[in-house]
file coords-v2.cif (mmCIF, C-alpha atoms)
data_start
#
loop_
_atom_site.label_atom_id
_atom_site.label_comp_id
_atom_site.auth_asym_id
_atom_site.auth_seq_id
_atom_site.Cartn_x
_atom_site.Cartn_y
_atom_site.Cartn_z
CA MET P 143 0.00 0.00 0.00
CA GLY P 144 1.45 3.34 -1.04
CA ARG P 145 1.61 6.46 1.06
CA TRP P 146 -1.49 7.90 -0.51
CA GLN P 147 -4.58 6.41 1.09
CA PRO P 148 -7.80 6.67 -0.89
CA ASP P 149 -10.30 8.59 1.25
CA ALA P 150 -8.18 8.21 4.38
CA ARG P 151 -10.08 11.04 6.05
CA GLY P 152 -13.48 9.47 5.39
CA ARG P 153 -12.29 6.07 6.60
CA LEU P 154 -10.87 7.57 9.80
CA GLU P 155 -14.11 9.46 10.40
CA LYS P 156 -16.21 6.34 9.88
CA ALA P 157 -13.95 4.24 12.15
CA ALA P 158 -13.97 6.91 14.86
CA MET P 159 -17.76 7.25 14.82
CA GLU P 160 -18.20 3.49 15.09
CA LEU P 161 -15.80 3.21 17.99
CA TYR P 162 -17.21 6.24 19.87
CA GLY P 163 -20.64 4.67 19.50
CA GLU P 164 -19.54 1.20 20.59
CA ARG P 165 -17.16 2.03 23.45
CA GLY P 166 -17.83 5.66 24.27
CA PHE P 167 -15.73 8.65 23.29
CA ASP P 168 -13.49 8.61 26.38
CA GLN P 169 -12.72 4.91 26.03
CA THR P 170 -11.52 5.18 22.41
CA THR P 171 -7.87 5.85 21.52
CA VAL P 172 -6.43 7.29 18.33
CA ALA P 173 -4.47 4.05 17.88
CA GLU P 174 -7.72 2.08 17.85
CA ILE P 175 -9.31 4.45 15.34
CA ALA P 176 -6.32 4.16 13.01
CA GLU P 177 -6.29 0.38 13.36
CA ARG P 178 -10.01 0.05 12.57
CA ALA P 179 -9.51 2.26 9.51
CA GLY P 180 -6.51 0.17 8.38
CA LEU P 181 -4.25 3.23 8.64
CA THR P 182 -1.49 4.50 10.90
CA GLU P 183 -1.71 6.94 13.80
CA ARG P 184 0.52 9.22 11.79
CA THR P 185 -2.08 9.34 9.04
CA PHE P 186 -4.74 10.14 11.64
CA PHE P 187 -2.73 13.14 12.84
CA ARG P 188 -2.27 14.36 9.27
CA HIS P 189 -6.06 14.77 9.12
CA PHE P 190 -7.14 15.59 12.69
CA ALA P 191 -5.47 17.38 15.61
CA ASP P 192 -7.04 14.99 18.12
CA LYS P 193 -9.93 12.58 18.50
CA ARG P 194 -12.37 15.36 19.40
CA GLU P 195 -11.71 17.14 16.13
CA VAL P 196 -13.22 14.22 14.23
CA LEU P 197 -16.55 15.34 15.67
CA PHE P 198 -16.05 19.08 15.21
CA ALA P 199 -14.01 19.51 12.04
CA GLY P 200 -17.23 20.01 10.08
CA SER P 201 -18.33 22.87 12.35
CA GLU P 202 -15.80 25.36 11.05
CA HIS P 203 -16.74 24.46 7.48
CA MET P 204 -20.44 24.89 8.35
CA LYS P 205 -19.74 28.26 9.95
CA GLN P 206 -18.08 29.48 6.75
CA PHE P 207 -20.97 28.10 4.69
CA LEU P 208 -23.48 29.99 6.88
CA GLU P 209 -21.48 33.22 6.55
CA THR P 210 -21.16 33.00 2.77
CA THR P 211 -24.81 32.02 2.31
CA LEU P 212 -26.10 34.82 4.55
CA ALA P 213 -23.85 37.39 2.87
CA GLU P 214 -25.21 36.47 -0.57
CA LEU P 215 -28.94 36.40 0.20
CA PRO P 216 -31.09 39.18 -1.36
CA ALA P 217 -30.79 42.48 0.50
CA GLY P 218 -34.57 42.78 0.73
CA LEU P 219 -34.92 39.88 3.19
CA SER P 220 -35.49 40.88 6.82
CA PRO P 221 -32.60 39.95 9.18
CA ILE P 222 -34.54 37.12 10.80
CA ASP P 223 -35.75 35.67 7.48
CA ALA P 224 -32.25 35.91 6.00
CA THR P 225 -30.79 34.12 9.03
CA GLY P 226 -33.51 31.48 8.77
CA GLU P 227 -32.75 30.94 5.09
CA ALA P 228 -29.02 30.57 5.79
CA PHE P 229 -29.81 27.86 8.34
CA ALA P 230 -32.25 26.19 5.95
CA ALA P 231 -29.45 26.00 3.36
CA ALA P 232 -27.09 24.57 6.01
CA GLY P 233 -29.82 22.09 6.86
CA ALA P 234 -29.98 20.95 3.24
CA LEU P 235 -26.26 20.17 3.42
CA MET P 236 -26.59 18.25 6.68
CA GLN P 237 -29.50 16.31 5.26
CA GLN P 238 -27.15 14.70 2.76
CA ARG P 239 -25.43 13.02 5.70
CA ARG P 240 -28.32 12.34 8.07
CA ASP P 241 -26.91 9.04 9.39
CA LEU P 242 -23.64 10.73 10.31
CA SER P 243 -25.49 13.57 12.07
CA LEU P 244 -27.57 11.09 14.03
CA GLN P 245 -24.52 9.03 15.02
CA ARG P 246 -22.61 12.18 15.99
CA GLN P 247 -25.50 13.50 18.07
CA GLN P 248 -25.77 10.28 20.06
CA ILE P 249 -22.07 10.41 20.87
CA ILE P 250 -22.32 14.04 21.97
CA ILE P 251 -25.41 13.50 24.13
CA ALA P 252 -23.54 10.76 26.01
CA ASN P 253 -20.64 13.05 26.98
CA PRO P 254 -20.91 16.32 28.98
CA ASP P 255 -17.56 17.66 27.70
CA LEU P 256 -18.69 17.19 24.11
CA GLN P 257 -22.01 18.85 24.90
CA GLU P 258 -20.08 21.87 26.14
CA ARG P 259 -18.02 21.88 22.97
CA GLU P 260 -21.26 21.78 20.98
CA LEU P 261 -22.55 24.87 22.82
CA ILE P 262 -19.31 26.68 22.02
CA LYS P 263 -19.70 25.72 18.36
CA LEU P 264 -23.21 27.21 18.25
CA ALA P 265 -21.99 30.36 20.01
CA ALA P 266 -19.25 30.76 17.39
CA TRP P 267 -21.86 30.45 14.62
CA THR P 268 -23.96 33.14 16.33
CA VAL P 269 -20.99 35.51 16.56
CA ALA P 270 -20.19 34.94 12.86
CA LEU P 271 -23.81 35.50 11.78
CA THR P 272 -24.06 38.68 13.87
CA ARG P 273 -21.00 40.05 12.07
CA VAL P 274 -22.44 39.23 8.61
CA LEU P 275 -25.80 40.79 9.53
CA ARG P 276 -23.96 43.99 10.51
CA GLU P 277 -22.22 43.89 7.13
CA ARG P 278 -25.68 43.59 5.57
CA GLY P 279 -26.49 46.91 7.24
CA VAL P 280 -28.42 45.58 10.24
CA ALA P 281 -27.93 47.79 13.32
CA ASP P 282 -27.22 46.62 16.86
CA PRO P 283 -28.89 45.15 18.83
CA ALA P 284 -31.08 43.76 16.01
CA ALA P 285 -28.10 41.96 14.41
CA GLY P 286 -27.26 40.05 17.60
CA LEU P 287 -30.89 39.31 18.40
CA ALA P 288 -31.62 38.00 14.89
CA ALA P 289 -28.49 35.81 14.95
CA GLN P 290 -29.33 34.40 18.39
CA ALA P 291 -32.99 33.86 17.51
CA GLY P 292 -31.96 32.18 14.24
CA THR P 293 -29.61 29.85 16.10
CA ALA P 294 -32.42 28.97 18.52
CA VAL P 295 -34.64 28.18 15.53
CA PHE P 296 -31.97 25.95 14.03
CA ARG P 297 -31.38 24.08 17.31
CA THR P 298 -35.09 23.44 17.68
CA ALA P 299 -35.42 22.21 14.09
CA PHE P 300 -32.28 20.07 14.36
CA GLU P 301 -33.52 18.36 17.53
CA ALA P 302 -36.86 17.57 15.88
CA TRP P 303 -35.04 16.24 12.81
CA ILE P 304 -32.73 14.02 14.85
CA THR P 305 -35.47 12.59 17.07
CA GLU P 306 -38.15 12.12 14.41
CA PRO P 307 -38.13 8.73 12.75
CA GLY P 308 -38.10 8.61 8.97
CA ASP P 309 -37.21 11.28 6.50
CA ALA P 310 -38.21 14.62 7.97
CA ASP P 311 -36.95 17.47 5.84
CA LEU P 312 -34.49 19.62 7.80
CA PRO P 313 -34.76 22.82 5.68
CA GLN P 314 -38.54 22.60 6.02
CA LEU P 315 -38.26 22.05 9.78
CA VAL P 316 -36.06 25.16 10.01
CA ARG P 317 -38.68 27.27 8.22
CA GLN P 318 -41.41 25.76 10.40
CA SER P 319 -39.45 26.52 13.60
CA LEU P 320 -39.00 30.09 12.42
CA GLU P 321 -42.76 30.44 12.02
CA GLN P 322 -43.20 28.97 15.51
CA LEU P 323 -40.74 31.51 16.91
CA LYS P 324 -42.67 34.29 15.21
CA ASP P 325 -45.85 32.99 16.82
CA VAL P 326 -44.14 32.79 20.22
CA THR P 327 -42.78 36.34 20.09
CA ALA P 328 -46.12 37.66 18.79
CA GLY P 329 -47.69 36.12 21.91
CA ARG P 330 -49.79 33.73 19.80
CA MET H 180 -9.54 35.78 66.19
CA GLY H 181 -11.98 32.91 66.67
CA ARG H 182 -12.91 30.30 64.15
CA TRP H 183 -15.98 32.19 63.03
CA GLN H 184 -15.04 34.84 60.50
CA PRO H 185 -17.50 37.66 60.01
CA ASP H 186 -18.51 37.65 56.32
CA ALA H 187 -15.65 35.35 55.35
CA ARG H 188 -17.41 34.51 52.08
CA GLY H 189 -17.85 38.15 51.09
CA ARG H 190 -14.23 38.94 51.98
CA LEU H 191 -12.95 36.00 49.93
CA GLU H 192 -15.12 37.03 46.99
CA LYS H 193 -13.87 40.61 47.15
CA ALA H 194 -10.22 39.53 47.44
CA ALA H 195 -10.58 37.07 44.55
CA MET H 196 -12.18 39.65 42.27
CA GLU H 197 -9.45 42.16 43.02
CA LEU H 198 -6.68 39.66 42.33
CA TYR H 199 -8.28 38.25 39.15
CA GLY H 200 -8.57 41.83 37.91
CA GLU H 201 -5.00 42.80 38.86
CA ARG H 202 -3.10 39.64 37.84
CA GLY H 203 -5.50 37.71 35.69
CA PHE H 204 -7.52 34.66 36.69
CA ASP H 205 -4.90 32.06 35.73
CA GLN H 206 -2.12 33.84 37.62
CA THR H 207 -4.01 33.95 40.91
CA THR H 208 -3.76 31.17 43.50
CA VAL H 209 -6.18 30.23 46.27
CA ALA H 210 -3.39 30.91 48.78
CA GLU H 211 -3.12 34.49 47.54
CA ILE H 212 -6.87 35.00 47.72
CA ALA H 213 -6.99 33.72 51.29
CA GLU H 214 -4.02 35.89 52.26
CA ARG H 215 -5.54 39.04 50.77
CA ALA H 216 -8.79 38.30 52.64
CA GLY H 217 -6.86 37.72 55.89
CA LEU H 218 -8.16 34.17 56.07
CA THR H 219 -6.78 30.65 55.60
CA GLU H 220 -6.93 28.43 52.51
CA ARG H 221 -8.98 26.05 54.60
CA THR H 222 -11.59 28.74 55.08
CA PHE H 223 -11.58 29.38 51.33
CA PHE H 224 -12.37 25.73 50.66
CA ARG H 225 -15.20 25.78 53.22
CA HIS H 226 -16.91 28.34 50.95
CA PHE H 227 -15.79 27.51 47.39
CA ALA H 228 -14.80 24.28 45.62
CA ASP H 229 -12.13 26.10 43.61
CA LYS H 230 -11.15 29.54 42.39
CA ARG H 231 -13.51 29.36 39.42
CA GLU H 232 -16.48 28.81 41.68
CA VAL H 233 -16.01 32.29 43.14
CA LEU H 234 -17.15 33.62 39.76
CA PHE H 235 -19.98 31.13 39.20
CA ALA H 236 -21.43 30.37 42.64
CA GLY H 237 -24.07 33.05 42.06
CA SER H 238 -25.23 31.40 38.81
CA GLU H 239 -26.91 28.45 40.47
CA HIS H 240 -28.67 30.81 42.87
CA MET H 241 -29.78 32.98 39.93
CA LYS H 242 -31.06 29.92 38.07
CA GLN H 243 -33.24 28.99 41.03
CA PHE H 244 -34.44 32.57 41.32
CA LEU H 245 -35.43 32.57 37.62
CA GLU H 246 -37.28 29.26 38.01
CA THR H 247 -39.23 30.37 41.09
CA THR H 248 -40.06 33.76 39.60
CA LEU H 249 -41.24 32.30 36.30
CA ALA H 250 -43.32 29.62 38.06
CA GLU H 251 -45.15 32.24 40.12
CA LEU H 252 -45.95 34.79 37.37
CA PRO H 253 -49.64 35.14 36.39
CA ALA H 254 -50.87 32.34 34.14
CA GLY H 255 -52.27 34.86 31.65
CA LEU H 256 -48.83 36.09 30.52
CA SER H 257 -47.63 34.74 27.18
CA PRO H 258 -44.57 32.45 27.41
CA ILE H 259 -42.22 35.07 25.96
CA ASP H 260 -43.54 37.88 28.19
CA ALA H 261 -43.36 35.66 31.26
CA THR H 262 -39.76 34.71 30.43
CA GLY H 263 -38.94 38.38 29.87
CA GLU H 264 -40.45 39.31 33.24
CA ALA H 265 -38.45 36.61 35.02
CA PHE H 266 -35.25 38.01 33.50
CA ALA H 267 -36.30 41.57 34.39
CA ALA H 268 -36.69 40.45 38.01
CA ALA H 269 -33.27 38.77 37.89
CA GLY H 270 -31.92 42.00 36.43
CA ALA H 271 -33.28 43.95 39.39
CA LEU H 272 -31.30 41.64 41.69
CA MET H 273 -28.09 42.03 39.68
CA GLN H 274 -28.54 45.76 39.63
CA GLN H 275 -28.01 45.82 43.37
CA ARG H 276 -24.44 44.67 42.75
CA ARG H 277 -23.57 46.43 39.50
CA ASP H 278 -19.90 46.96 40.39
CA LEU H 279 -19.45 43.28 41.08
CA SER H 280 -21.13 42.35 37.77
CA LEU H 281 -18.90 44.74 35.90
CA GLN H 282 -15.74 43.47 37.58
CA ARG H 283 -16.79 39.87 36.99
CA GLN H 284 -17.55 40.51 33.32
CA GLN H 285 -14.12 42.02 32.70
CA ILE H 286 -12.45 38.98 34.23
CA ILE H 287 -14.54 36.61 32.10
CA ILE H 288 -13.95 38.53 28.86
CA ALA H 289 -10.19 38.21 29.41
CA ASN H 290 -10.29 34.40 29.65
CA PRO H 291 -11.60 31.97 26.98
CA ASP H 292 -12.16 29.13 29.47
CA LEU H 293 -14.30 31.38 31.63
CA GLN H 294 -16.23 32.55 28.56
CA GLU H 295 -17.02 28.91 27.82
CA ARG H 296 -18.15 28.41 31.41
CA GLU H 297 -20.39 31.45 31.03
CA LEU H 298 -22.03 29.95 27.92
CA ILE H 299 -22.67 26.74 29.83
CA LYS H 300 -24.25 28.76 32.64
CA LEU H 301 -26.64 30.45 30.19
CA ALA H 302 -27.49 27.10 28.59
CA ALA H 303 -28.33 25.70 32.04
CA TRP H 304 -30.66 28.66 32.66
CA THR H 305 -32.37 28.02 29.31
CA VAL H 306 -32.91 24.35 30.13
CA ALA H 307 -34.38 25.28 33.53
CA LEU H 308 -36.70 27.92 32.03
CA THR H 309 -37.88 25.49 29.33
CA ARG H 310 -38.86 23.03 32.04
CA VAL H 311 -40.78 25.66 34.03
CA LEU H 312 -42.58 26.87 30.87
CA ARG H 313 -43.69 23.29 30.22
CA GLU H 314 -45.00 23.14 33.79
CA ARG H 315 -46.92 26.33 33.02
CA GLY H 316 -48.65 24.39 30.24
CA VAL H 317 -46.59 25.65 27.30
CA ALA H 318 -46.21 22.98 24.58
CA ASP H 319 -43.02 22.06 22.73
CA PRO H 320 -41.37 23.55 20.74
CA ALA H 321 -42.80 26.87 21.99
CA ALA H 322 -41.38 26.31 25.50
CA GLY H 323 -37.82 25.85 24.25
CA LEU H 324 -38.09 28.69 21.74
CA ALA H 325 -39.45 31.13 24.34
CA ALA H 326 -36.72 30.15 26.82
CA GLN H 327 -33.95 30.52 24.23
CA ALA H 328 -35.37 33.79 22.91
CA GLY H 329 -35.71 35.09 26.48
CA THR H 330 -32.09 34.20 27.21
CA ALA H 331 -31.00 36.03 24.02
CA VAL H 332 -32.96 39.07 25.21
CA PHE H 333 -31.28 38.95 28.60
CA ARG H 334 -27.78 38.61 27.10
CA THR H 335 -28.41 41.59 24.85
CA ALA H 336 -29.72 43.72 27.71
CA PHE H 337 -26.91 42.65 30.03
CA GLU H 338 -24.23 43.58 27.49
CA ALA H 339 -25.80 47.01 27.01
CA TRP H 340 -26.01 47.47 30.78
CA ILE H 341 -22.37 46.48 31.32
CA THR H 342 -20.99 48.64 28.53
CA GLU H 343 -23.15 51.74 29.08
CA PRO H 344 -21.63 54.27 31.39
CA GLY H 345 -23.78 55.57 34.24
CA ASP H 346 -26.84 54.06 35.79
CA ALA H 347 -28.77 52.28 33.05
CA ASP H 348 -31.66 50.30 34.48
CA LEU H 349 -31.22 46.59 33.78
CA PRO H 350 -34.89 45.52 34.19
CA GLN H 351 -35.85 48.31 31.80
CA LEU H 352 -33.14 47.25 29.32
CA VAL H 353 -34.51 43.68 29.45
CA ARG H 354 -38.02 44.89 28.58
CA GLN H 355 -36.60 47.10 25.84
CA SER H 356 -34.58 44.21 24.35
CA LEU H 357 -37.72 42.07 24.37
CA GLU H 358 -39.53 44.73 22.35
CA GLN H 359 -36.55 44.83 19.95
CA LEU H 360 -36.72 41.05 19.54
CA LYS H 361 -40.44 41.32 18.80
CA ASP H 362 -39.66 43.91 16.13
CA VAL H 363 -36.91 41.70 14.68
CA THR H 364 -39.10 38.61 14.46
CA ALA H 365 -41.99 40.65 13.03
CA GLY H 366 -39.59 41.74 10.27
CA ARG H 367 -39.80 45.40 11.38
#

call {"tool": "encode", "arguments": {"input": "coords-v2.cif", "output": "structure tokens"}}
result
Amino acid sequence: MGRWQPDARGRLEKAAMELYGERGFDQTTVAEIAERAGLTERTFFRHFADKREVLFAGSEHMKQFLETTLAELPAGLSPIDATGEAFAAAGALMQQRRDLSLQRQQIIIANPDLQERELIKLAAWTVALTRVLRERGVADPAAGLAAQAGTAVFRTAFEAWITEPGDADLPQLVRQSLEQLKDVTAGR
Amino acid sequence: MGRWQPDARGRLEKAAMELYGERGFDQTTVAEIAERAGLTERTFFRHFADKREVLFAGSEHMKQFLETTLAELPAGLSPIDATGEAFAAAGALMQQRRDLSLQRQQIIIANPDLQERELIKLAAWTVALTRVLRERGVADPAAGLAAQAGTAVFRTAFEAWITEPGDADLPQLVRQSLEQLKDVTAGR
């Protein structure tokens, strides 16, 4: 086998997810992940800084996707609708890998440290979206409120998507959660 | 001096805040806090589990205050208005110790680990408020959305209160932020 490993990253991710699910995150070592993937530890560390990054490497990518999407949405959209649409687009991406999201979520729910990391991830998304809303000309505090409310909408939709059996549509759940938030804040 | 120390807890808190502000949180030891307060390390550990708890001991108390306040508000209030009122009441409490809040905030802003701990504190408040809203008869996902939106309102108001010079009124800022959120979600 040559040095170049076809889809080494994907194989490491798959092996890590399986092992975290079977043994728990804390009980899994990088050596075991590499072994299950048929690769070396060295290859693991070429792709991931540590075993936690396997679960969170996608978050930075998703943050950038949210930023770019929000920046490019029509200027006429209200801040909350624009934020909702950015999350709906992110949801469409996640939908392509529903099994992975489900597996990941179960691992995170089982581990308080990972839950904290997940909160920090969401907070980083909110900060990024607030900045883009300001760039879209939204004043403070509306920018921060829209970004936080949008993140709350996404969390609510994501939880419904993960817990519902079958093929719920995440972008649609995001739009539905946004309508529910509008009802809640209108006192309906 | 006898074993009983008048207001040992308050003196330790004051000494810790001063030292965290002067030297930074990481550079301060429990021994130094105890010395500044004129007390022993043993006394410190009778009041706080560690030096981080000095900054977060009030959070658990505040969470319980929010829960009790929300549970006792009139049944006729909408979920979002009830949540807003609970945070306004919490704001009135914090207002009594504005200098401490300000000092605490500066310490937290200077330290990423403490910022993470602060996020976790807010998430715990949101979970608690969601539960109380359900007990008030609010269905899902409205309960979670109202609790998250209320927490966003409080964060926004708190930041304005901390950064504004002079004597801004925190309960009033909370009510004002809630109106701003209602405008944002109504697309105004």

call {"tool": "interface_residues", "arguments": {"input": "coords-v2.cif", "of": "chain P", "to": "chain H", "cutoff": "12 Å", "atoms": "only C-alpha atoms", "output": "PyMOL selection string"}}
result
chain P and resi 218-226+254-266+268+280-302+315+318-330

call {"tool": "atom_distance", "arguments": {"input": "coords-v2.cif", "atom1": "atom CA of Asp168 of chain P", "atom2": "atom CA of Asn253 of chain P"}}
result
8.4 Å

call {"tool": "resolve_selection", "arguments": {"input": "coords-v2.cif", "expression": "the PyMOL selection byres ((chain P and resi 270) around 9)", "output": "list in words"}}
result
Lys205, Gln206, Leu208, Glu209, Ala265, Ala266, Trp267, Thr268, Val269, Leu271, Thr272, Arg273, Val274, Leu275 and Ala289 of chain P

call {"tool": "write_last_selection", "arguments": {"input": "coords-v2.cif", "atoms": "C-alpha atoms", "output": "CSV table (one decimal), in the coordinates of the input"}}
result
chain,number,residue,atom,x,y,z
P,205,LYS,CA,-19.7,28.3,10.0
P,206,GLN,CA,-18.1,29.5,6.8
P,208,LEU,CA,-23.5,30.0,6.9
P,209,GLU,CA,-21.5,33.2,6.6
P,265,ALA,CA,-22.0,30.4,20.0
P,266,ALA,CA,-19.2,30.8,17.4
P,267,TRP,CA,-21.9,30.4,14.6
P,268,THR,CA,-24.0,33.1,16.3
P,269,VAL,CA,-21.0,35.5,16.6
P,271,LEU,CA,-23.8,35.5,11.8
P,272,THR,CA,-24.1,38.7,13.9
P,273,ARG,CA,-21.0,40.0,12.1
P,274,VAL,CA,-22.4,39.2,8.6
P,275,LEU,CA,-25.8,40.8,9.5
P,289,ALA,CA,-28.5,35.8,15.0

call {"tool": "closest_residue", "arguments": {"input": "coords-v2.cif", "among": "H:Asp348, H:Glu232, H:Asp186, H:Glu251", "to": "Ala271 of chain H", "atoms": "all atoms listed in the file"}}
result
H:Asp348

call {"tool": "atom_distance", "arguments": {"input": "coords-v2.cif", "atom1": "atom CA of Ala265 of chain H", "atom2": "atom CA of Thr248 of chain H"}}
result
5.6 Å

call {"tool": "atom_distance", "arguments": {"input": "coords-v2.cif", "atom1": "atom CA of Lys193 of chain P", "atom2": "atom CA of Gly233 of chain P"}}
result
24.9 Å

call {"tool": "residues_around", "arguments": {"input": "coords-v2.cif", "residues": "Asp346 of chain H", "least_positions_apart": "5", "cutoff": "10 Å", "atoms": "all atoms listed in the file", "output": "VMD selection string"}}
result
chain H and resid 274 277 340 to 341

call {"tool": "residues_around", "arguments": {"input": "coords-v2.cif", "residues": "His226 of chain H", "least_positions_apart": "3", "cutoff": "8 Å", "atoms": "all atoms listed in the file", "output": "list in words"}}
result
Arg188, Thr222 and Phe223 of chain H

call {"tool": "residues_around", "arguments": {"input": "coords-v2.cif", "residues": "segment 157-164 of chain P", "least_positions_apart": "6", "cutoff": "9 Å", "atoms": "all atoms listed in the file", "output": "PyMOL selection string"}}
result
chain P and resi 170+172+174-179+193+196-197+242+245-246+248-249

call {"tool": "closest_residue", "arguments": {"input": "coords-v2.cif", "among": "P:Leu244, P:Ala199, P:Leu154, P:Ala213", "to": "Arg184 of chain P", "atoms": "all atoms listed in the file"}}
result
P:Leu154

call {"tool": "axis_aligned_box", "arguments": {"input": "coords-v2.cif", "around": "segment 219-232 of chain P", "padding_each_side": "5 Å", "output": "lines of an AutoDock Vina configuration file"}}
result
center_x = -31.4
center_y = 32.7
center_z = 7.0
size_x = 18.7
size_y = 26.3
size_z = 17.6
